[in-house]
Amino acid sequence: MGSPKLTFLGGVGTVTGSKFLLDLPDGNRVLLDCGLFQGQRELRRRNWATFPVPASSVSAVVLSHAHLDHCGYLPALVRQGFSGSVRTTQDTARLAAIVLRDSARLMADEAEHANAYGWSQHRPALPLYDEKDVEKALELFVPLEHEGLAELNGIGLCLHRAGHILGSSWSEITLSGGATLVHTGDLGRAAHPLLRPPVPFRGADVLLVESTYGNRRHDDSRTLWNLAVAINRTVHRGGSVLIPAFAVDRTEVIIYRLRELRQKGMIAKIPVYVDSPMGLAARDVYLEAISAGSPEFRPGLTRDVLDPGWLRELRTVEESMSVNEPDEPSIIISASGMATGGRVLHHLRHLLPDPRMTVLIVGFAALGTRSRALADGAAALKIHGRYVPVRAEIVNLPGFSVHSDADETIAWLRTARRPPQVAYIIHGEADAAATLRDRIQHELGWHAIVPAPDEHVLL
């Protein structure tokens, strides 16, 4: 029998499109994550390429968590013939259902808008997948418990708590010969206000480790203060604050922090709108998990941390449009976090030209996304075929990210009882991945590699 082979189909040189194909000697194929490419146009085009092996030959997908860059390609894989199992936690399955249904709806809406106004190069513009593909994909989910052992086509699988978002996991795979492979997915932080930190790393023969913040360190000491200052400064000049936020977890973290600031009297009690049906649905999953006493949450949390009584929920399109010209200063939390789609786009279109307003960037934004352009000082944004001038104040608060930073990742790796034979540095832009590779080599003495897109390696 030959050696297992690993192919890096996405999440290499970028933080999007995570897909790692494991070819086993017996002919089985297991895909670790099934993410959608976002950001730069050349990356997004890769979503439309035919999957490099017959989708029907993939026997299983192991999902680390429910963010679109890790699960968003799954309906496209199903459309091409995948019918195997999708192994993940129950909470990831519930959140993925919300995320994927919303993704299909947004793709359909965007195609319709492009065809109506002629701003797409494609004639006609079509969605990558539709709601039927999503429902077929959701039927394939097989939920697993954290720390439970499962058999998966002749290999062993154990999901460990990753602490990134609710249900998130790092995966430990035991191959038929006894060798182990660990895929971190996205690692969380000890400072996450809602979730417990990742389960410590015990070691593996082969490691795939994320590097989103591989060249950066979070500054938690000033993040909350800077949030309060930005809000108060905006209110003083009569403006409103727009927060593009990931619907899953980031919205919940922002609600938690705004509640904290209001309780401490650090910000005015102005209206706070959550304008994201997907965000509200994800919050319901979080609330139910808190009520059920989920062990993923920090001890002592109660429902009121995410349901404080003063949130204003915007569910209809009409309600969403009404806050573009607010009667008083307000805070609008809206998806998507990278401003690649969703309701946040029409808020940006209306608020960016007004110098009284503020847009807060509260998480990692990939190259080629509107949030990244704003963080980098763009003078204008192209939204639905038209350029919108940026006159609003832009405040970047990366400390709200729930990705481990470089120091936290190194600290997590140090918990290994034995070093891996090789560590592959994934899910990071080029500088971040290279910096983390160098630190792993110099500080830990491990053999570390930054793989190339579509590269094959033997395990």
# chains A, B, ... in the order shown; residues from 1 in each chain; ligands from 1

$ select_by_dssp --residues "segment 176-311 of chain A" --states "helix (DSSP H, G or I)" --output "PyMOL selection string"
chain A and resi 220-236+250-263+277-291+303-305

$ write_last_selection --atoms "C-alpha atoms" --output "mmCIF file, in the first residue's frame"
data_model
loop_
_atom_site.group_PDB
_atom_site.id
_atom_site.type_symbol
_atom_site.label_atom_id
_atom_site.label_comp_id
_atom_site.auth_asym_id
_atom_site.auth_seq_id
_atom_site.Cartn_x
_atom_site.Cartn_y
_atom_site.Cartn_z
ATOM 1 C CA ASP A 220 -6.558 43.640 24.581
ATOM 2 C CA SER A 221 -5.644 46.357 27.056
ATOM 3 C CA ARG A 222 -7.006 49.217 24.924
ATOM 4 C CA THR A 223 -9.625 47.556 22.705
ATOM 5 C CA LEU A 224 -12.661 48.157 24.909
ATOM 6 C CA TRP A 225 -11.536 51.694 25.735
ATOM 7 C CA ASN A 226 -10.972 52.501 22.056
ATOM 8 C CA LEU A 227 -14.451 51.184 21.234
ATOM 9 C CA ALA A 228 -16.003 53.497 23.823
ATOM 10 C CA VAL A 229 -13.983 56.494 22.634
ATOM 11 C CA ALA A 230 -14.971 55.932 19.005
ATOM 12 C CA ILE A 231 -18.663 55.646 19.897
ATOM 13 C CA ASN A 232 -18.626 58.740 22.120
ATOM 14 C CA ARG A 233 -16.738 60.798 19.544
ATOM 15 C CA THR A 234 -19.301 59.872 16.889
ATOM 16 C CA VAL A 235 -22.284 60.633 19.136
ATOM 17 C CA HIS A 236 -20.754 64.029 19.991
ATOM 18 C CA ARG A 250 -18.689 38.427 16.249
ATOM 19 C CA THR A 251 -22.193 39.843 16.532
ATOM 20 C CA GLU A 252 -22.562 38.072 19.881
ATOM 21 C CA VAL A 253 -19.201 39.369 21.140
ATOM 22 C CA ILE A 254 -20.077 42.945 20.140
ATOM 23 C CA ILE A 255 -23.447 42.719 21.919
ATOM 24 C CA TYR A 256 -21.647 41.437 25.028
ATOM 25 C CA ARG A 257 -19.123 44.292 24.950
ATOM 26 C CA LEU A 258 -21.734 47.002 24.311
ATOM 27 C CA ARG A 259 -23.707 45.695 27.285
ATOM 28 C CA GLU A 260 -20.534 45.908 29.374
ATOM 29 C CA LEU A 261 -19.854 49.497 28.281
ATOM 30 C CA ARG A 262 -23.439 50.582 28.984
ATOM 31 C CA GLN A 263 -23.411 48.982 32.437
ATOM 32 C CA PRO A 277 -31.443 38.039 10.179
ATOM 33 C CA MET A 278 -28.591 35.524 10.108
ATOM 34 C CA GLY A 279 -26.971 37.175 13.121
ATOM 35 C CA LEU A 280 -30.220 37.058 15.058
ATOM 36 C CA ALA A 281 -30.722 33.405 14.148
ATOM 37 C CA ALA A 282 -27.151 32.611 15.256
ATOM 38 C CA ARG A 283 -27.749 34.479 18.511
ATOM 39 C CA ASP A 284 -30.758 32.221 19.137
ATOM 40 C CA VAL A 285 -28.451 29.187 18.838
ATOM 41 C CA TYR A 286 -26.063 30.777 21.340
ATOM 42 C CA LEU A 287 -28.933 31.590 23.727
ATOM 43 C CA GLU A 288 -30.271 28.037 23.566
ATOM 44 C CA ALA A 289 -26.784 26.649 24.205
ATOM 45 C CA ILE A 290 -26.331 28.939 27.218
ATOM 46 C CA SER A 291 -29.724 27.872 28.588
ATOM 47 C CA ARG A 303 -28.981 34.655 28.684
ATOM 48 C CA ASP A 304 -29.064 38.365 29.456
ATOM 49 C CA VAL A 305 -25.451 38.810 28.271
#

$ residues_around --residues "Ile449 of chain A" --least-positions-apart "6" --cutoff "9 Å" --atoms "only C-alpha atoms" --output "VMD selection string"
chain A and resid 422 to 425 434 437

$ residues_around --residues "Thr409 of chain A" --least-positions-apart "6" --cutoff "10 Å" --atoms "only C-alpha atoms" --output "number ranges by chain"
A: 187-189, 209-211, 213-214, 403, 436, 440

$ closest_residue --among "A:Gly72, A:Gly428, A:Pro420, A:Pro25" --to "Gly203 of chain A" --atoms "only C-alpha atoms"
A:Pro420

$ closest_residue --among "A:Val182, A:Ala137, A:Leu195, A:Val390" --to "Phe297 of chain A" --atoms "only C-alpha atoms"
A:Leu195

$ residues_around --residues "Pro299 of chain A" --least-positions-apart "2" --cutoff "10 Å" --atoms "only C-alpha atoms" --output "PyMOL selection string"
chain A and resi 194-196+290+293-297+301-302

$ write_last_selection --atoms "N, CA and C atoms" --output "CSV table (one decimal), in the first residue's frame"
chain,number,residue,atom,x,y,z
A,194,LEU,N,-16.9,34.9,25.9
A,194,LEU,CA,-18.1,34.0,26.0
A,194,LEU,C,-17.6,32.5,26.1
A,195,LEU,N,-16.6,32.1,25.3
A,195,LEU,CA,-16.2,30.7,25.2
A,195,LEU,C,-15.0,30.4,26.0
A,196,ARG,N,-14.9,29.1,26.4
A,196,ARG,CA,-13.7,28.6,27.0
A,196,ARG,C,-12.6,28.4,26.0
A,290,ILE,N,-26.6,28.4,25.9
A,290,ILE,CA,-26.3,28.9,27.2
A,290,ILE,C,-27.4,28.4,28.2
A,293,GLY,N,-26.8,24.9,29.3
A,293,GLY,CA,-25.6,24.7,30.1
A,293,GLY,C,-24.4,24.1,29.3
A,294,SER,N,-24.3,24.5,28.0
A,294,SER,CA,-23.2,24.0,27.2
A,294,SER,C,-21.9,24.2,27.8
A,295,PRO,N,-21.0,23.1,27.8
A,295,PRO,CA,-19.7,23.2,28.4
A,295,PRO,C,-18.7,24.1,27.6
A,296,GLU,N,-19.1,24.5,26.4
A,296,GLU,CA,-18.3,25.4,25.7
A,296,GLU,C,-18.2,26.8,26.2
A,297,PHE,N,-19.2,27.2,27.0
A,297,PHE,CA,-19.3,28.6,27.5
A,297,PHE,C,-18.5,28.7,28.9
A,301,LEU,N,-22.3,32.3,32.8
A,301,LEU,CA,-23.0,33.1,31.8
A,301,LEU,C,-24.5,32.9,31.8
A,302,THR,N,-25.3,33.9,31.7
A,302,THR,CA,-26.7,33.8,31.6
A,302,THR,C,-27.2,34.5,30.3
